>>> print(open('query24.tsv').read())   # TSV, C-alpha atoms
chain	number	residue	atom	x	y	z
K	1	GLY	CA	145.17	36.80	42.45
K	2	ARG	CA	144.49	40.28	43.74
K	3	SER	CA	142.11	42.62	41.96
K	4	LEU	CA	142.85	46.14	40.78
K	5	LYS	CA	140.83	47.53	43.68
K	6	ASP	CA	143.38	46.08	46.12
K	7	PHE	CA	145.97	48.51	44.78
K	8	VAL	CA	143.79	51.63	44.50
K	9	HIS	CA	144.01	54.46	47.03
K	10	GLN	CA	140.98	54.44	49.32
K	11	ASP	CA	139.97	57.97	48.27
K	12	ASP	CA	139.90	56.91	44.61
K	13	LEU	CA	137.76	53.78	44.99
K	14	GLU	CA	134.48	55.54	44.21
K	15	LYS	CA	135.97	57.05	41.06
K	16	LEU	CA	137.28	53.63	40.00
K	17	ASN	CA	133.91	51.95	40.59
K	18	GLU	CA	132.20	54.52	38.36
K	19	PHE	CA	134.85	53.89	35.69
K	20	ILE	CA	134.35	50.11	35.88
K	21	THR	CA	130.58	50.58	35.52
K	22	LYS	CA	131.09	52.60	32.32
K	23	VAL	CA	133.51	50.06	30.87
K	24	SER	CA	131.17	47.18	31.73
K	25	ASP	CA	128.26	48.73	29.83
K	26	SER	CA	129.86	48.77	26.36
K	27	ASP	CA	132.82	47.62	24.35
K	28	GLU	CA	133.99	51.19	23.79
K	29	THR	CA	137.31	52.32	25.26
K	30	HIS	CA	137.03	54.61	28.26
K	31	SER	CA	139.69	56.66	29.98
K	32	ILE	CA	140.19	57.93	33.51
K	33	SER	CA	143.02	60.03	34.96
K	34	GLU	CA	144.56	60.62	38.37
K	35	ILE	CA	143.88	57.21	39.83
K	36	ARG	CA	146.43	56.44	42.54
K	37	LEU	CA	147.81	52.90	42.54
K	38	GLN	CA	150.06	51.45	45.20
K	39	ARG	CA	153.48	50.12	44.28
K	40	SER	CA	155.28	47.22	45.93
K	41	ASP	CA	157.19	49.63	48.20
K	42	GLY	CA	153.89	50.99	49.57
K	43	THR	CA	154.02	54.37	47.82
K	44	PHE	CA	151.29	55.60	45.49
K	45	ARG	CA	151.67	56.83	41.91
K	46	TYR	CA	149.16	58.57	39.65
K	47	PHE	CA	147.97	56.61	36.63
K	48	GLN	CA	145.80	57.15	33.58
K	49	LEU	CA	143.73	54.08	32.77
K	50	ASN	CA	142.38	53.20	29.34
K	51	ALA	CA	140.14	50.15	29.26
K	52	SER	CA	137.32	48.44	27.42
K	53	GLY	CA	135.12	45.49	28.19
K	54	ILE	CA	135.60	42.09	26.57
K	55	PHE	CA	132.28	40.56	25.59
K	56	GLU	CA	131.34	37.09	24.37
K	57	ASP	CA	127.76	36.50	23.26
K	58	ASP	CA	126.87	39.89	24.78
K	59	GLU	CA	128.23	38.75	28.12
K	60	LEU	CA	131.07	40.58	29.86
K	61	ILE	CA	133.91	38.12	30.39
K	62	GLY	CA	136.76	40.51	31.20
K	63	PHE	CA	138.57	43.75	30.54
K	64	SER	CA	141.51	44.84	28.45
K	65	GLY	CA	143.44	48.03	28.88
K	66	ILE	CA	146.64	49.86	29.69
K	67	ALA	CA	147.79	51.97	32.61
K	68	ARG	CA	150.17	54.89	32.11
K	69	ASP	CA	152.14	56.43	34.98
K	70	ILE	CA	151.41	60.19	34.90
K	71	THR	CA	152.84	61.07	38.33
K	72	ILE	CA	155.46	63.48	36.98
K	73	LEU	CA	152.85	65.27	34.87
K	74	ILE	CA	150.45	65.60	37.83
K	75	GLU	CA	153.22	66.86	40.12
K	76	LYS	CA	154.27	69.48	37.55
K	77	GLN	CA	150.65	70.61	37.14
K	78	LYS	CA	150.30	70.92	40.91
K	79	GLN	CA	153.54	72.88	41.11
K	80	ILE	CA	152.36	75.30	38.41
K	81	GLU	CA	149.01	75.70	40.18
K	82	TYR	CA	150.75	76.25	43.52
K	83	LEU	CA	153.05	78.93	42.10
K	84	SER	CA	150.14	80.68	40.41
K	85	TYR	CA	148.55	81.30	43.82
K	86	HIS	CA	151.56	81.43	46.14
K	87	ASP	CA	154.58	83.60	46.71
K	88	TYR	CA	157.66	81.46	46.01
K	89	LEU	CA	159.78	83.02	48.79
K	90	THR	CA	157.45	82.95	51.80
K	91	GLY	CA	154.88	80.33	50.85
K	92	PHE	CA	152.14	82.89	51.52
K	93	PHE	CA	149.32	83.37	49.05
K	94	ASN	CA	149.88	86.10	46.46
K	95	ARG	CA	147.83	89.14	45.48
K	96	HIS	CA	146.23	87.26	42.57
K	97	TYR	CA	144.80	84.66	44.94
K	98	LEU	CA	143.52	87.37	47.29
K	99	ASP	CA	141.09	88.56	44.63
K	100	PHE	CA	139.99	84.96	44.02
K	101	ILE	CA	139.48	83.96	47.66
K	102	MET	CA	138.04	87.24	48.97
K	103	PRO	CA	134.37	86.11	48.81
K	104	THR	CA	135.31	83.17	51.03
K	105	ILE	CA	137.14	85.37	53.51
K	106	ASP	CA	134.44	88.04	53.68
K	107	GLN	CA	131.72	85.89	55.21
K	108	LYS	CA	129.52	86.93	58.12
K	109	SER	CA	130.52	83.70	59.85
K	110	ASN	CA	134.09	85.11	60.01
K	111	TYR	CA	133.04	88.33	61.79
K	112	PRO	CA	134.61	89.93	63.67
K	113	LEU	CA	137.27	89.67	60.97
K	114	ALA	CA	140.62	91.17	61.86
K	115	ILE	CA	142.50	92.68	58.91
K	116	LEU	CA	146.19	93.13	59.61
K	117	SER	CA	148.49	95.11	57.29
K	118	ILE	CA	152.22	94.62	57.82
K	119	ASP	CA	155.27	96.39	56.40
K	120	ILE	CA	158.76	95.05	57.08
K	121	ASN	CA	161.11	97.86	58.00
K	122	ASP	CA	164.45	98.57	56.31
K	123	VAL	CA	164.60	95.60	53.92
K	124	LYS	CA	166.61	97.76	51.49
K	125	ILE	CA	169.18	98.47	54.20
K	126	VAL	CA	169.58	94.75	54.83
K	127	ASN	CA	169.94	94.09	51.09
K	128	ASP	CA	172.50	96.85	50.63
K	129	THR	CA	174.48	96.07	53.77
K	130	TYR	CA	174.42	92.29	54.03
K	131	GLY	CA	173.35	91.14	50.58
K	132	HIS	CA	170.10	89.99	49.00
K	133	HIS	CA	170.38	86.54	50.56
K	134	SER	CA	170.08	88.23	53.96
K	135	GLY	CA	167.17	90.32	52.68
K	136	ASP	CA	165.41	87.15	51.57
K	137	PHE	CA	166.14	85.56	54.94
K	138	TYR	CA	164.61	88.60	56.64
K	139	LEU	CA	161.43	88.37	54.56
K	140	LYS	CA	161.11	84.62	55.12
K	141	GLU	CA	161.76	84.82	58.85
K	142	VAL	CA	159.17	87.55	59.36
K	143	ALA	CA	156.71	85.43	57.37
K	144	ASN	CA	157.49	82.42	59.57
K	145	LYS	CA	156.98	84.45	62.75
K	146	LEU	CA	153.68	85.78	61.41
K	147	ARG	CA	152.53	82.26	60.53
K	148	GLN	CA	153.39	81.08	64.03
K	149	SER	CA	151.72	84.06	65.73
K	150	LEU	CA	148.34	84.16	64.01
K	151	PRO	CA	145.62	81.46	64.07
K	152	THR	CA	144.84	81.77	60.36
K	153	ASN	CA	145.84	80.48	56.94
K	154	TYR	CA	144.78	83.70	55.19
K	155	LEU	CA	148.30	85.10	54.86
K	156	PHE	CA	149.29	87.06	51.75
K	157	ARG	CA	152.39	88.73	50.37
K	158	ILE	CA	151.05	91.66	48.39
K	159	GLY	CA	154.27	93.55	47.74
K	160	GLY	CA	158.01	93.26	48.13
K	161	ASP	CA	157.98	93.90	51.87
K	162	GLU	CA	154.23	94.04	52.57
K	163	TYR	CA	152.05	91.30	53.98
K	164	ILE	CA	148.37	91.22	54.83
K	165	ALA	CA	146.56	88.77	57.07
K	166	PHE	CA	142.90	88.06	57.74
K	167	VAL	CA	142.08	86.51	61.11
K	168	PRO	CA	138.47	85.29	61.41
K	169	ASN	CA	136.48	85.58	64.64
K	170	THR	CA	139.05	87.81	66.30
K	171	THR	CA	138.47	90.86	68.46
K	172	GLU	CA	140.77	93.87	68.71
K	173	GLU	CA	141.94	92.74	72.13
K	174	GLN	CA	142.84	89.29	70.83
K	175	LEU	CA	144.61	90.71	67.77
K	176	VAL	CA	146.70	93.10	69.86
K	177	GLU	CA	147.89	90.13	71.92
K	178	PHE	CA	148.78	88.21	68.74
K	179	CYS	CA	150.65	91.26	67.41
K	180	ASP	CA	152.58	91.74	70.65
K	181	ASN	CA	153.81	88.14	70.38
K	182	PHE	CA	154.60	88.66	66.71
K	183	ASN	CA	156.58	91.84	67.40
K	184	GLU	CA	158.60	90.12	70.08
K	185	ALA	CA	159.37	87.20	67.75
K	186	VAL	CA	160.48	89.57	64.97
K	187	ARG	CA	162.86	91.38	67.34
K	188	ASN	CA	164.53	88.04	68.06
K	189	ILE	CA	165.41	87.45	64.40
K	190	SER	CA	169.19	87.50	64.11
K	191	ILE	CA	170.79	89.38	61.17
K	192	GLU	CA	174.29	90.44	62.24
K	193	SER	CA	174.01	93.76	64.11
K	194	PHE	CA	170.75	94.75	62.38
K	195	LYS	CA	167.63	95.09	64.52
K	196	PRO	CA	164.56	93.74	62.68
K	197	SER	CA	161.20	95.42	63.13
K	198	VAL	CA	157.82	95.71	61.45
K	199	ALA	CA	155.09	98.30	61.23
K	200	TYR	CA	151.52	97.15	61.32
K	201	GLY	CA	148.01	98.48	61.34
K	202	PHE	CA	144.67	96.79	61.56
K	203	GLU	CA	140.94	97.13	61.14
K	204	ILE	CA	138.23	94.94	62.65
K	205	ARG	CA	135.43	94.20	60.18
K	206	SER	CA	132.15	93.47	61.93
K	207	SER	CA	129.65	93.96	59.09
K	208	ASN	CA	129.50	94.05	55.30
K	209	GLU	CA	127.87	97.47	55.11
K	210	GLU	CA	130.84	98.76	53.11
K	211	ASP	CA	133.29	97.14	50.74
K	212	ILE	CA	135.97	95.08	52.46
K	213	PHE	CA	138.62	96.89	50.43
K	214	GLU	CA	137.72	100.06	52.35
K	215	ASP	CA	138.60	98.22	55.54
K	216	ILE	CA	141.86	97.07	53.96
K	217	LYS	CA	142.63	100.72	53.10
K	218	ASN	CA	141.98	101.67	56.72
K	219	ALA	CA	144.33	98.94	57.92
K	220	ASP	CA	146.98	100.19	55.47
K	221	HIS	CA	146.49	103.76	56.67
K	222	ASN	CA	146.94	102.68	60.29
K	223	MET	CA	150.05	100.73	59.32
K	224	TYR	CA	151.68	103.72	57.59
K	225	ARG	CA	150.84	105.92	60.56
K	226	ASN	CA	152.57	103.40	62.79
K	227	LYS	CA	155.52	103.28	60.40
K	228	ARG	CA	155.99	107.06	60.66
K	229	LYS	CA	156.09	106.71	64.45
K	230	ILE	CA	158.76	104.02	64.15
K	231	LYS	CA	160.85	106.22	61.85
K	232	LYS	CA	160.68	108.96	64.50
K	233	GLY	CA	161.72	106.50	67.19
K	234	LEU	CA	158.26	106.38	68.75
K	235	TYR	CA	157.76	102.62	68.89
K	236	ARG	CA	154.21	101.41	69.45
>>> encode(input="query24.tsv", output="structure tokens")
Amino acid sequence: GRSLKDFVHQDDLEKLNEFITKVSDSDETHSISEIRLQRSDGTFRYFQLNASGIFEDDELIGFSGIARDITILIEKQKQIEYLSYHDYLTGFFNRHYLDFIMPTIDQKSNYPLAILSIDINDVKIVNDTYGHHSGDFYLKEVANKLRQSLPTNYLFRIGGDEYIAFVPNTTEEQLVEFCDNFNEAVRNISIESFKPSVAYGFEIRSSNEEDIFEDIKNADHNMYRNKRKIKKGLYR
């Protein structure tokens, strides 16, 4: 017959071997969670294993135990963890995760680090005129265009209509090109007769001489200055 190892996911083999070593050393019951076992249809499920060694004359002759399918529990835990760090509408990270991940973002190896602050224009008008489903569509589409335009995973929704992005190893010239492509993509979003647009501002962080949140404030300031120009019809 086939052994248990034949059904274990390759990435879990080391964990299983450590578990088997523990069980083999005593007749106490040991437990291990989140071991993936393959089913007959080829898919993997998460299991919790409880096992103990069977000894005869102090010699290990086998194992006894039970396996409990905990896939639903693991998936729910992962969903809760995902939602605790992500915005449900856009899939971007949320403000809470920004505080957590900031030390990773603000590394010298990421300099020059482009900080891009974005405000989506006239979301309230879309909500009031076409309904909140159209407003949500607007927010999601802008997020999708931003994701497609920037070479980074550091994308955050920090307010109702405000996003912030961190683009490592990016110069001002490179960022302006990314933003031009992003702006063009946003203008092509179709919402009845409404013309989508965004305001943005940025700051390029090249050293850690001052707090990164000061650079974020500068990016925000530049964004609001750009937004005032847009309101006056002076598009950047």
>>> atom_distance(input="query24.tsv", atom1="atom CA of K:Glu34", atom2="atom CA of K:Asp12")
8.6 Å
>>> residues_around(input="query24.tsv", residues="K:Tyr154", least_positions_apart="3", cutoff="12 Å", atoms="only C-alpha atoms", output="list in words")
His86, Gly91, Phe92, Phe93, Asn94, Arg95, Tyr97, Leu98, Ile101, Met102, Thr104, Ile105, Asp106, Asn110, Leu113, Ala114, Ile115, Leu116, Leu146, Arg147, Leu150, Pro151, Arg157, Tyr163, Ile164, Ala165, Phe166, Val167 and Pro168 of chain K
>>> residues_around(input="query24.tsv", residues="K:Ile54", least_positions_apart="2", cutoff="7 Å", atoms="all atoms listed in the file", output="NGL selection string")
:K and (27 or 52 or 56 or 60-64)
>>> atom_distance(input="query24.tsv", atom1="atom CA of K:Asn144", atom2="atom CA of K:His132")
18.1 Å
>>> atom_distance(input="query24.tsv", atom1="atom CA of K:Gly160", atom2="atom CA of K:Met223")
15.6 Å
>>> closest_residue(input="query24.tsv", among="K:Pro196, K:Pro103, K:Gly65, K:Pro112", to="K:Phe213", atoms="all atoms listed in the file")
K:Pro103
>>> closest_residue(input="query24.tsv", among="K:Ser117, K:Glu172, K:Asp128, K:Ser109", to="K:Ile216", atoms="all atoms listed in the file")
K:Ser117
>>> closest_residue(input="query24.tsv", among="K:Ser197, K:Ser84, K:Ser31, K:Gln174", to="K:Asn226", atoms="only C-alpha atoms")
K:Ser197
>>> closest_residue(input="query24.tsv", among="K:Gly42, K:Gln148, K:Ala185, K:Leu37", to="K:Asp11", atoms="all atoms listed in the file")
K:Leu37
>>> closest_residue(input="query24.tsv", among="K:Arg187, K:Arg68, K:His9, K:His133", to="K:Ile120", atoms="only C-alpha atoms")
K:Arg187
>>> residues_around(input="query24.tsv", residues="K:Val176", least_positions_apart="3", cutoff="12 Å", atoms="all atoms listed in the file", output="ChimeraX atom specification")
/K:114-116,149-150,167,170-173,179-183,200-204,236
